[in-house]
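Enquirer: This is entry-v1.cif, which holds mmCIF, C-alpha atoms and all ligand atoms:
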```cif
data_structure
#
loop_
_atom_site.label_atom_id
_atom_site.label_comp_id
_atom_site.auth_asym_id
_atom_site.auth_seq_id
_atom_site.Cartn_x
_atom_site.Cartn_y
_atom_site.Cartn_z
CA MET S 105 -26.29 3.64 13.90
CA SER S 106 -22.65 3.88 15.05
CA GLY S 107 -21.01 7.29 15.16
CA PHE S 108 -17.38 7.51 14.09
CA GLY S 109 -14.61 9.96 14.86
CA ILE S 110 -11.36 10.13 12.90
CA ILE S 111 -8.16 11.19 14.67
CA GLY S 112 -5.54 12.49 12.22
CA THR S 113 -6.87 13.78 8.90
CA GLY S 114 -3.97 12.93 6.56
CA VAL S 115 -3.63 10.51 3.64
CA ILE S 116 -5.28 7.39 5.09
CA ALA S 117 -8.06 9.27 6.89
CA ALA S 118 -9.73 9.86 3.53
CA MET S 119 -9.97 6.08 3.08
CA HIS S 120 -11.62 5.69 6.48
CA ALA S 121 -14.13 8.44 5.72
CA ALA S 122 -14.94 6.84 2.35
CA ALA S 123 -15.27 3.39 3.96
CA ILE S 124 -17.59 4.71 6.71
CA GLU S 125 -19.71 6.37 4.02
CA THR S 126 -20.31 3.00 2.31
CA LEU S 127 -21.60 1.36 5.52
CA PRO S 128 -25.34 1.74 6.19
CA GLY S 129 -24.88 1.44 9.98
CA ALA S 130 -22.11 4.00 10.23
CA ARG S 131 -21.91 7.79 10.23
CA LEU S 132 -18.87 10.06 10.45
CA ALA S 133 -19.64 12.47 13.30
CA ALA S 134 -16.40 14.39 13.84
CA VAL S 135 -12.68 14.56 13.12
CA THR S 136 -9.68 16.12 14.81
CA ASP S 137 -6.05 16.80 13.92
CA VAL S 138 -3.17 18.60 15.59
CA THR S 139 -3.28 20.87 12.55
CA ALA S 140 -6.64 22.59 13.02
CA GLU S 141 -6.85 23.75 9.38
CA ALA S 142 -6.40 20.18 8.15
CA ALA S 143 -9.26 18.98 10.34
CA ALA S 144 -11.47 21.90 9.30
CA ALA S 145 -10.91 21.32 5.57
CA PHE S 146 -11.46 17.57 5.94
CA ALA S 147 -14.67 18.11 7.93
CA ALA S 148 -16.03 20.74 5.55
CA ALA S 149 -15.56 18.37 2.59
CA ARG S 150 -17.50 15.63 4.38
CA GLY S 151 -20.17 17.51 6.29
CA CYS S 152 -19.04 16.49 9.76
CA ALA S 153 -17.75 18.43 12.78
CA ALA S 154 -14.11 19.42 13.30
CA GLU S 155 -13.05 19.26 16.94
CA SER S 156 -10.13 21.36 18.15
CA SER S 157 -8.66 18.66 20.40
CA LEU S 158 -8.60 14.93 20.99
CA ASP S 159 -10.34 15.43 24.34
CA ALA S 160 -13.16 17.34 22.67
CA LEU S 161 -13.62 14.56 20.10
CA LEU S 162 -13.54 11.88 22.79
CA ALA S 163 -16.11 13.80 24.89
CA ARG S 164 -18.72 13.56 22.13
CA PRO S 165 -21.51 11.14 22.99
CA ASP S 166 -22.27 10.64 19.28
CA VAL S 167 -18.80 9.10 18.72
CA ASP S 168 -18.86 5.36 19.48
CA VAL S 169 -15.85 4.27 17.41
CA VAL S 170 -12.65 6.16 16.59
CA CYS S 171 -10.30 5.56 13.68
CA VAL S 172 -6.73 6.21 14.80
CA CYS S 173 -5.02 7.60 11.67
CA VAL S 174 -2.08 9.44 13.27
CA PRO S 175 1.61 8.55 12.68
CA SER S 176 2.38 4.95 13.66
CA GLY S 177 4.47 5.78 16.73
CA GLN S 178 1.48 7.58 18.27
CA HIS S 179 -1.11 4.82 17.77
CA ALA S 180 -0.93 3.51 21.33
CA GLU S 181 -0.74 6.93 22.99
CA VAL S 182 -3.87 8.13 21.16
CA GLY S 183 -5.60 4.73 21.25
CA VAL S 184 -5.18 4.34 25.02
CA ARG S 185 -6.83 7.74 25.60
CA ALA S 186 -9.70 6.78 23.32
CA ALA S 187 -10.14 3.40 25.01
CA ARG S 188 -10.26 5.09 28.43
CA ALA S 189 -13.00 7.34 27.06
CA GLY S 190 -14.96 4.18 26.19
CA LYS S 191 -14.54 4.36 22.43
CA HIS S 192 -14.14 1.27 20.25
CA LEU S 193 -10.98 1.37 18.17
CA VAL S 194 -9.99 1.03 14.52
CA VAL S 195 -6.21 1.48 14.66
CA GLU S 196 -4.21 1.82 11.46
CA LYS S 197 -1.30 -0.51 10.83
CA PRO S 198 1.15 -1.15 12.34
CA ILE S 199 -0.46 -1.40 15.80
CA ASP S 200 2.45 0.82 16.98
CA VAL S 201 6.20 0.64 16.45
CA THR S 202 7.21 -1.14 19.69
CA LEU S 203 5.85 -4.25 21.39
CA ALA S 204 5.63 -2.39 24.71
CA SER S 205 3.32 0.20 23.13
CA ALA S 206 1.27 -2.54 21.47
CA ASP S 207 0.84 -4.27 24.83
CA ARG S 208 -0.24 -1.00 26.46
CA LEU S 209 -2.91 -0.48 23.83
CA ILE S 210 -4.22 -4.06 23.96
CA GLU S 211 -4.39 -3.91 27.74
CA ALA S 212 -6.16 -0.53 27.74
CA ALA S 213 -8.82 -1.84 25.35
CA ARG S 214 -9.28 -4.97 27.45
CA THR S 215 -9.57 -3.02 30.71
CA ALA S 216 -12.04 -0.54 29.20
CA GLY S 217 -14.10 -3.33 27.63
CA VAL S 218 -13.88 -1.78 24.15
CA THR S 219 -13.28 -3.65 20.90
CA LEU S 220 -10.00 -3.09 19.04
CA THR S 221 -9.24 -3.92 15.44
CA VAL S 222 -5.87 -3.22 13.80
CA ILE S 223 -6.15 -2.50 10.10
CA SER S 224 -4.96 -5.27 7.82
CA GLN S 225 -7.39 -4.62 5.02
CA HIS S 226 -5.87 -7.13 2.64
CA ARG S 227 -7.23 -9.99 4.75
CA PHE S 228 -10.55 -8.89 3.25
CA ASP S 229 -9.36 -9.00 -0.38
CA LEU S 230 -11.29 -11.76 -2.14
CA GLY S 231 -8.17 -13.66 -3.19
CA LEU S 232 -7.01 -13.84 0.42
CA ILE S 233 -10.42 -14.98 1.65
CA GLU S 234 -10.28 -17.77 -0.94
CA LEU S 235 -6.69 -18.72 -0.09
CA LYS S 236 -7.52 -18.89 3.63
CA ARG S 237 -10.53 -21.09 2.86
CA LEU S 238 -8.33 -23.45 0.83
CA LEU S 239 -5.78 -23.60 3.66
CA ASP S 240 -8.48 -24.28 6.26
CA GLU S 241 -9.75 -27.12 4.03
CA GLY S 242 -6.21 -28.49 3.78
CA ALA S 243 -6.36 -28.26 -0.02
CA LEU S 244 -2.63 -27.50 -0.30
CA GLY S 245 -1.58 -30.37 1.96
CA ARG S 246 1.08 -29.82 4.62
CA LEU S 247 2.59 -26.33 4.33
CA VAL S 248 6.25 -26.30 3.34
CA LEU S 249 7.20 -22.89 1.90
CA ALA S 250 5.91 -19.31 1.70
CA GLU S 251 7.12 -16.00 0.31
CA ALA S 252 5.81 -12.51 1.11
CA SER S 253 7.15 -9.82 -1.17
CA THR S 254 6.57 -6.05 -1.29
CA LYS S 255 8.72 -4.51 -4.02
CA TRP S 256 7.42 -0.97 -4.02
CA TYR S 257 8.81 2.42 -4.86
CA ARG S 258 8.61 5.60 -2.81
CA THR S 259 10.36 8.81 -3.82
CA GLN S 260 12.53 10.88 -1.50
CA GLY S 261 9.68 13.40 -1.71
CA TYR S 262 7.39 10.86 -0.04
CA TYR S 263 9.76 10.57 2.91
CA ASP S 264 10.19 14.35 3.03
CA SER S 265 6.42 14.98 2.94
CA ALA S 266 6.01 14.66 6.73
CA ALA S 267 8.56 14.81 9.54
CA TRP S 268 7.50 11.45 11.00
CA ARG S 269 8.10 9.44 7.80
CA GLY S 270 11.25 7.38 7.68
CA THR S 271 12.03 7.80 11.41
CA TRP S 272 12.55 4.92 13.84
CA ALA S 273 10.53 6.64 16.58
CA MET S 274 7.37 7.31 14.59
CA ASP S 275 7.42 5.16 11.43
CA GLY S 276 9.99 2.40 11.04
CA GLY S 277 11.25 1.47 7.61
CA SER S 278 9.89 -0.21 4.53
CA LEU S 279 9.02 -3.41 6.41
CA MET S 280 7.24 -1.67 9.31
CA ASN S 281 5.25 0.67 7.08
CA GLN S 282 4.72 -1.01 3.69
CA GLY S 283 5.74 -4.67 4.11
CA VAL S 284 3.74 -5.20 7.31
CA HIS S 285 0.57 -5.82 5.30
CA TYR S 286 1.96 -8.97 3.71
CA VAL S 287 3.81 -9.96 6.89
CA ASP S 288 0.39 -10.13 8.53
CA LEU S 289 -0.99 -12.18 5.62
CA LEU S 290 2.00 -14.54 5.81
CA ARG S 291 1.47 -15.03 9.56
CA TRP S 292 -2.30 -15.46 9.07
CA CYS S 293 -1.87 -18.12 6.40
CA MET S 294 1.18 -19.95 7.73
CA GLY S 295 0.78 -19.71 11.51
CA PRO S 296 3.33 -18.56 14.10
CA VAL S 297 6.90 -17.68 13.13
CA THR S 298 9.53 -19.08 15.49
CA GLU S 299 12.81 -17.84 14.02
CA VAL S 300 14.00 -14.96 11.81
CA THR S 301 17.34 -14.31 10.06
CA ALA S 302 17.50 -10.97 8.27
CA VAL S 303 19.49 -8.34 6.42
CA CYS S 304 18.35 -4.71 6.08
CA ALA S 305 19.81 -1.89 4.01
CA THR S 306 19.16 1.74 3.17
CA GLN S 307 19.80 1.87 -0.54
CA ALA S 308 18.08 4.68 -2.34
CA HIS S 309 16.76 7.19 0.19
CA ASP S 310 18.16 9.67 2.66
CA VAL S 311 16.38 8.23 5.72
CA GLU S 312 17.52 6.73 9.04
CA VAL S 313 15.42 3.58 8.59
CA GLU S 314 15.84 0.71 6.12
CA ASP S 315 14.30 0.98 2.67
CA THR S 316 15.00 -2.69 1.95
CA ALA S 317 14.54 -5.67 4.26
CA LEU S 318 15.06 -9.37 3.53
CA ALA S 319 14.42 -12.22 5.92
CA ILE S 320 14.34 -15.98 6.10
CA VAL S 321 11.77 -17.32 8.55
CA ARG S 322 10.93 -20.63 10.15
CA PHE S 323 7.35 -21.36 11.12
CA GLY S 324 6.22 -23.40 14.11
CA SER S 325 4.71 -25.88 11.67
CA GLY S 326 8.16 -26.69 10.30
CA ALA S 327 7.57 -24.74 7.08
CA VAL S 328 10.09 -22.11 6.00
CA GLY S 329 9.68 -18.84 4.13
CA THR S 330 11.04 -15.50 3.03
CA ILE S 331 10.00 -11.90 3.52
CA LEU S 332 11.14 -9.12 1.22
CA SER S 333 10.11 -5.49 1.54
CA SER S 334 11.49 -2.49 -0.29
CA THR S 335 10.56 1.07 -1.17
CA ALA S 336 13.59 1.23 -3.48
CA ALA S 337 12.25 -1.09 -6.21
CA PHE S 338 11.57 1.33 -9.06
CA PRO S 339 8.95 1.58 -10.50
CA GLY S 340 7.04 -0.61 -8.00
CA PHE S 341 5.46 -4.05 -8.45
CA PRO S 342 2.39 -5.90 -7.15
CA GLN S 343 2.60 -7.23 -3.60
CA ARG S 344 2.95 -11.02 -3.72
CA LEU S 345 2.21 -13.88 -1.38
CA GLU S 346 3.14 -17.40 -2.45
CA VAL S 347 2.06 -20.37 -0.35
CA THR S 348 3.26 -23.87 -1.15
CA GLY S 349 2.12 -27.09 0.47
CA THR S 350 2.87 -30.72 -0.29
CA GLU S 351 -0.12 -30.70 -2.65
CA GLY S 352 0.46 -27.47 -4.54
CA THR S 353 0.84 -23.71 -4.62
CA VAL S 354 -1.31 -20.58 -4.61
CA ILE S 355 0.14 -17.23 -5.69
CA ILE S 356 -1.51 -13.91 -4.81
CA GLU S 357 -0.72 -10.58 -6.43
CA ASP S 358 -2.32 -7.44 -4.99
CA GLY S 359 -5.07 -9.45 -3.37
CA ARG S 360 -5.92 -11.63 -6.39
CA ILE S 361 -5.10 -15.25 -6.95
CA VAL S 362 -2.96 -15.25 -10.11
CA ARG S 363 -1.92 -18.91 -9.94
CA ARG S 364 -3.46 -21.91 -8.23
CA ALA S 365 -2.00 -25.31 -8.84
CA PHE S 366 -2.87 -28.12 -6.49
CA GLY S 367 -4.45 -31.55 -6.22
CA VAL S 368 -3.93 -34.51 -8.51
CA GLN S 369 -4.10 -32.32 -11.58
CA ALA S 370 -1.92 -29.50 -10.36
CA GLY S 371 -1.93 -26.68 -12.86
CA THR S 372 -5.29 -27.55 -14.38
CA ASP S 373 -7.63 -26.53 -11.59
CA PRO S 374 -10.64 -25.24 -13.51
CA ARG S 375 -12.04 -23.08 -10.75
CA ALA S 376 -12.12 -19.43 -11.72
CA ASP S 377 -9.99 -16.76 -10.14
CA PRO S 378 -12.31 -15.08 -7.63
CA GLY S 379 -10.86 -11.74 -8.74
CA GLY S 380 -11.81 -8.72 -6.69
CA GLY S 381 -8.32 -7.97 -5.47
CA ALA S 382 -7.15 -4.67 -4.16
CA VAL S 383 -5.78 -1.79 -6.15
CA GLY S 384 -2.00 -1.77 -5.69
CA ALA S 385 -0.08 0.96 -3.92
CA ALA S 386 3.13 -0.08 -5.71
CA ALA S 387 4.09 3.48 -6.59
CA ASP S 388 1.33 5.60 -5.02
CA PRO S 389 0.60 5.38 -1.28
CA ALA S 390 -2.98 6.56 -1.76
CA ALA S 391 -3.86 4.07 -4.53
CA ILE S 392 -5.75 1.58 -2.41
CA ASP S 393 -9.29 0.28 -2.72
CA VAL S 394 -11.98 1.36 -0.24
CA ALA S 395 -13.82 -1.99 -0.24
CA SER S 396 -11.33 -3.84 1.96
CA HIS S 397 -11.16 -1.08 4.61
CA ALA S 398 -14.97 -0.99 4.56
CA ALA S 399 -15.15 -4.76 5.04
CA GLN S 400 -12.81 -4.61 8.02
CA ILE S 401 -14.74 -1.76 9.65
CA ALA S 402 -18.01 -3.66 9.01
CA ASP S 403 -16.47 -6.67 10.74
CA LEU S 404 -15.63 -4.49 13.77
CA LEU S 405 -19.23 -3.25 13.98
CA ALA S 406 -20.52 -6.83 13.74
CA ALA S 407 -18.03 -7.91 16.42
CA ILE S 408 -19.27 -5.16 18.79
CA GLU S 409 -22.87 -6.15 18.09
CA GLU S 410 -22.22 -9.87 18.58
CA GLY S 411 -19.86 -9.46 21.55
CA ARG S 412 -17.05 -11.33 19.77
CA GLU S 413 -13.46 -10.50 18.86
CA PRO S 414 -13.02 -8.85 15.45
CA ALA S 415 -11.34 -10.79 12.62
CA VAL S 416 -8.13 -8.79 13.10
CA ASP S 417 -7.76 -8.09 16.82
CA GLY S 418 -4.99 -6.43 18.81
CA ARG S 419 -3.20 -9.72 19.18
CA ALA S 420 -3.03 -10.15 15.39
CA GLY S 421 -1.60 -6.65 15.06
CA ARG S 422 0.97 -7.49 17.72
CA ASP S 423 1.91 -10.77 16.02
CA ALA S 424 2.75 -8.94 12.76
CA LEU S 425 4.71 -6.28 14.69
CA GLU S 426 6.62 -8.98 16.56
CA ILE S 427 7.87 -10.43 13.27
CA VAL S 428 8.88 -6.97 12.01
CA CYS S 429 10.77 -6.27 15.27
CA ALA S 430 12.52 -9.65 15.02
CA VAL S 431 13.64 -8.82 11.46
CA TYR S 432 15.09 -5.52 12.69
CA GLU S 433 16.82 -7.17 15.64
CA SER S 434 18.33 -9.87 13.45
CA ALA S 435 19.59 -7.32 10.91
CA ARG S 436 21.05 -5.19 13.71
CA THR S 437 22.82 -8.02 15.52
CA GLY S 438 23.68 -10.25 12.58
CA ARG S 439 22.13 -13.16 14.45
CA THR S 440 19.13 -15.41 14.07
CA VAL S 441 16.37 -14.21 16.40
CA SER S 442 13.87 -16.49 18.12
CA VAL S 443 10.31 -15.24 18.16
CA SER S 444 9.88 -16.54 21.65
CA ARG S 445 6.19 -16.01 22.23
CA GLY S 446 5.25 -18.28 19.38
CA ASP S 447 1.60 -19.11 19.82
CA ASP S 448 1.26 -18.31 23.53
CA PRO S 449 -1.68 -16.13 24.54
CA PRO S 450 -0.78 -12.49 25.30
N1 LIG A 1 -3.76 0.65 5.64
C1 LIG A 1 -3.08 1.29 4.71
O1 LIG A 1 -3.03 0.87 3.56
C2 LIG A 1 -2.36 2.57 5.08
C3 LIG A 1 -1.97 3.46 4.06
C4 LIG A 1 -1.34 4.66 4.44
C5 LIG A 1 -1.08 4.91 5.79
N2 LIG A 1 -1.45 4.01 6.74
C6 LIG A 1 -1.16 4.27 8.18
O2 LIG A 1 -1.93 5.38 8.61
C7 LIG A 1 -1.20 6.16 9.55
C8 LIG A 1 -1.15 7.61 9.07
O3 LIG A 1 -0.50 7.65 7.81
P1 LIG A 1 -0.80 8.85 6.77
O4 LIG A 1 -0.08 8.48 5.53
O5 LIG A 1 -2.26 9.11 6.73
O6 LIG A 1 -0.03 10.05 7.51
P2 LIG A 1 -0.23 11.61 7.30
O7 LIG A 1 1.02 12.27 7.76
O8 LIG A 1 -0.74 11.90 5.92
O9 LIG A 1 -1.43 11.96 8.32
C9 LIG A 1 -1.28 11.90 9.72
C10 LIG A 1 -2.13 13.04 10.30
O10 LIG A 1 -2.16 12.91 11.73
C11 LIG A 1 -2.04 14.22 12.30
N3 LIG A 1 -1.55 14.03 13.67
C12 LIG A 1 -0.30 13.78 14.11
N4 LIG A 1 -0.31 13.60 15.44
C13 LIG A 1 -1.59 13.74 15.86
C14 LIG A 1 -2.22 13.69 17.13
N5 LIG A 1 -1.53 13.39 18.24
N6 LIG A 1 -3.56 13.90 17.19
C15 LIG A 1 -4.27 14.19 16.06
N7 LIG A 1 -3.70 14.27 14.84
C16 LIG A 1 -2.40 14.04 14.74
C17 LIG A 1 -1.09 14.95 11.37
O11 LIG A 1 -1.23 16.35 11.49
C18 LIG A 1 -1.56 14.43 10.00
O12 LIG A 1 -2.59 15.24 9.44
C19 LIG A 1 0.18 5.50 9.67
O13 LIG A 1 0.21 4.70 10.83
C20 LIG A 1 0.29 4.64 8.43
O14 LIG A 1 1.08 3.47 8.63
C21 LIG A 1 -2.09 2.87 6.40
#
```
Translate the structure of the given file into structure tokens.

Expert:
Amino acid sequence: MSGFGIIGTGVIAAMHAAAIETLPGARLAAVTDVTAEAAAAFAAARGCAAESSLDALLARPDVDVVCVCVPSGQHAEVGVRAARAGKHLVVEKPIDVTLASADRLIEAARTAGVTLTVISQHRFDLGLIELKRLLDEGALGRLVLAEASTKWYRTQGYYDSAAWRGTWAMDGGSLMNQGVHYVDLLRWCMGPVTEVTAVCATQAHDVEVEDTALAIVRFGSGAVGTILSSTAAFPGFPQRLEVTGTEGTVIIEDGRIVRRAFGVQAGTDPRADPGGGAVGAAADPAAIDVASHAAQIADLLAAIEEGREPAVDGRAGRDALEIVCAVYESARTGRTVSVSRGDDPP
């Protein structure tokens, strides 16, 4: 039985607690939050302990794994302390908001010999599992084109609900917070991105970050693609990933395959839609399905047990962040940005 601790008991922490509850080998032991009342209320509702500080939570011998659910710009700071205390790590997305912080966290986990997974729960949506299988089989032929689109809507009230939201230091904009999910899926399906040309704008919110980001990307494979992310797209639409190869196309919406057309009889593939997608957070940040978080946490536990890397490791989290940072740099400078690391090891 693995004991879990949750650090930060806000919106997404409830998803982690619910996911842990579904796993037979996992038990929520304790939570902590800088707001003691928030931690106490969260703990009381779930029958676990509330610790008054991060150090107290990390000192507990019955906590083997921590879920880092604090604002994005604090993921590395908190995660490094947890790694040094010997705790395995489930870190919410994005891994952090700068590559230097991401590197610090990855290195701390490596040095401490703990396992780190960065949440990208949509990799565990059934439509994505099926798409990845098709790509690994080469069913779409040589990849030529991909589109990742997050046209969501967030109110000004959402940004005003916590001081960290919509800030460069702690959050990043629509792409860093909301779009990063499908940026990771794009990178996972298409391979390394080598070049990014982008435009960002703040259209419909009073925030310092962008609420709309558009980018054209080149992949190392020679394929090209686009990324679109917005929190200004009223009333909010399903997240989409479209992957096109020389032999056909698969289109995902909110984790489900909605169109698959490939092979000699493109458009008439009789295989059924595997279904089982995620619930969409198009207009409501909390409207996500517990199954995919649970699957990712189960994969972490299996990785610890088997002494292997988890399906979404620190490097994968860094790769998605690197693309987001390149989009921001391109939009800021008006220039095409090379994603220099490509497929080199960290
Ligand atoms: N995977 C997903 O679909 C998903 C969805 C929502 C949020 N997230 C991610 O989860 C993270 C948290 O987002 P949220 O919406 O839950 O935020 P939130 O503001 O609702 O909750 C954050 C909590 O962390 C606490 N906190 C802040 N600093 C802390 C510290 N140093 N130690 C302990 N507690 C601290 C705050 O008091 C707050 O209760 C973000 O990184 C976000 O990107 C992921």

Enquirer: Atom C13 of ligand LIG 1 (chain A) and atom CA of Thr136 of chain S are how many Å apart?

Expert: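 It comes out at 8.5 Å.
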
Enquirer: Here is a test: counting all atoms listed in the file, which residue of S:Arg412, S:Arg419, S:Arg188, S:His226 is nearest to Gln343 of chain S?

Expert: S:His226

Enquirer: Between S:Tyr257, S:Gly270, S:Arg322, S:Ala308, which one has atoms that come closest to Phe338 of chain S, using only C-alpha atoms?

Expert: S:Tyr257

Enquirer: Could you make a table, as CSV, of the residues of chain S that have an atom within 6 Å of an atom of ligand LIG 1 (chain A), each with its nearest atom pair and distance in Å to one decimal, counting all atoms listed in the file, in chain and number order?

Expert:
```
residue,atom,partner,partner_atom,distance
S:Ile111,CA,A:LIG1,C15,5.1
S:Gly112,CA,A:LIG1,O10,3.4
S:Thr113,CA,A:LIG1,O12,4.6
S:Gly114,CA,A:LIG1,O9,3.2
S:Val115,CA,A:LIG1,O5,3.7
S:Ile116,CA,A:LIG1,O5,3.8
S:Ala117,CA,A:LIG1,O5,5.8
S:Thr136,CA,A:LIG1,C15,5.9
S:Asp137,CA,A:LIG1,N7,3.6
S:Val138,CA,A:LIG1,N7,4.4
S:Thr139,CA,A:LIG1,O11,5.1
S:Cys173,CA,A:LIG1,C7,4.6
S:Val174,CA,A:LIG1,O10,3.8
S:Pro175,CA,A:LIG1,O13,4.5
S:Ser176,CA,A:LIG1,O13,3.6
S:Glu196,CA,A:LIG1,O2,5.1
S:Lys197,CA,A:LIG1,O14,5.1
S:Pro198,CA,A:LIG1,O14,5.9
S:Ile223,CA,A:LIG1,N1,6.0
S:Ala266,CA,A:LIG1,O7,5.6
S:Asn281,CA,A:LIG1,O14,5.3
```

Enquirer: If we draw a sphere of 8 Å around (9.8, -11.7, 16.0), which residues have at least one atom in it when counting only C-alpha atoms? Please report them as a VMD selection string.

Expert: chain S and resid 297 to 300 423 425 to 431 441 to 444

Enquirer: Which one of S:Thr126, S:Thr306, S:Ser205, S:Thr215 sits closest to His397 of chain S if you count all atoms listed in the file?

Expert: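 The closest residue to His397 of chain S is S:Thr126.
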
Enquirer: Which residue out of S:Thr353, S:Thr440, S:Ser434, S:Thr271 has the minimum interatomic distance to Leu235 of chain S when all atoms listed in the file are used?

Expert: S:Thr353

Enquirer: Kindly indicate which residue among S:Ala153, S:Val303, S:Val169, S:Ala399 lies nearest to Thr219 of chain S, using only C-alpha atoms for the distances.

Expert: S:Val169

Enquirer: Hey, can you check how far atom CA of Leu162 of chain S sits from atom CA of Val222 of chain S?

Expert: 19.2 Å

Enquirer: From the set S:Phe341, S:Tyr432, S:Phe228, S:Phe108, which residue has the shortest atom-to-atom contact distance to Gly129 of chain S, counting only C-alpha atoms?

Expert: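 Looking only at the distances to Gly129 of chain S, the closest residue turns out to be S:Phe108.
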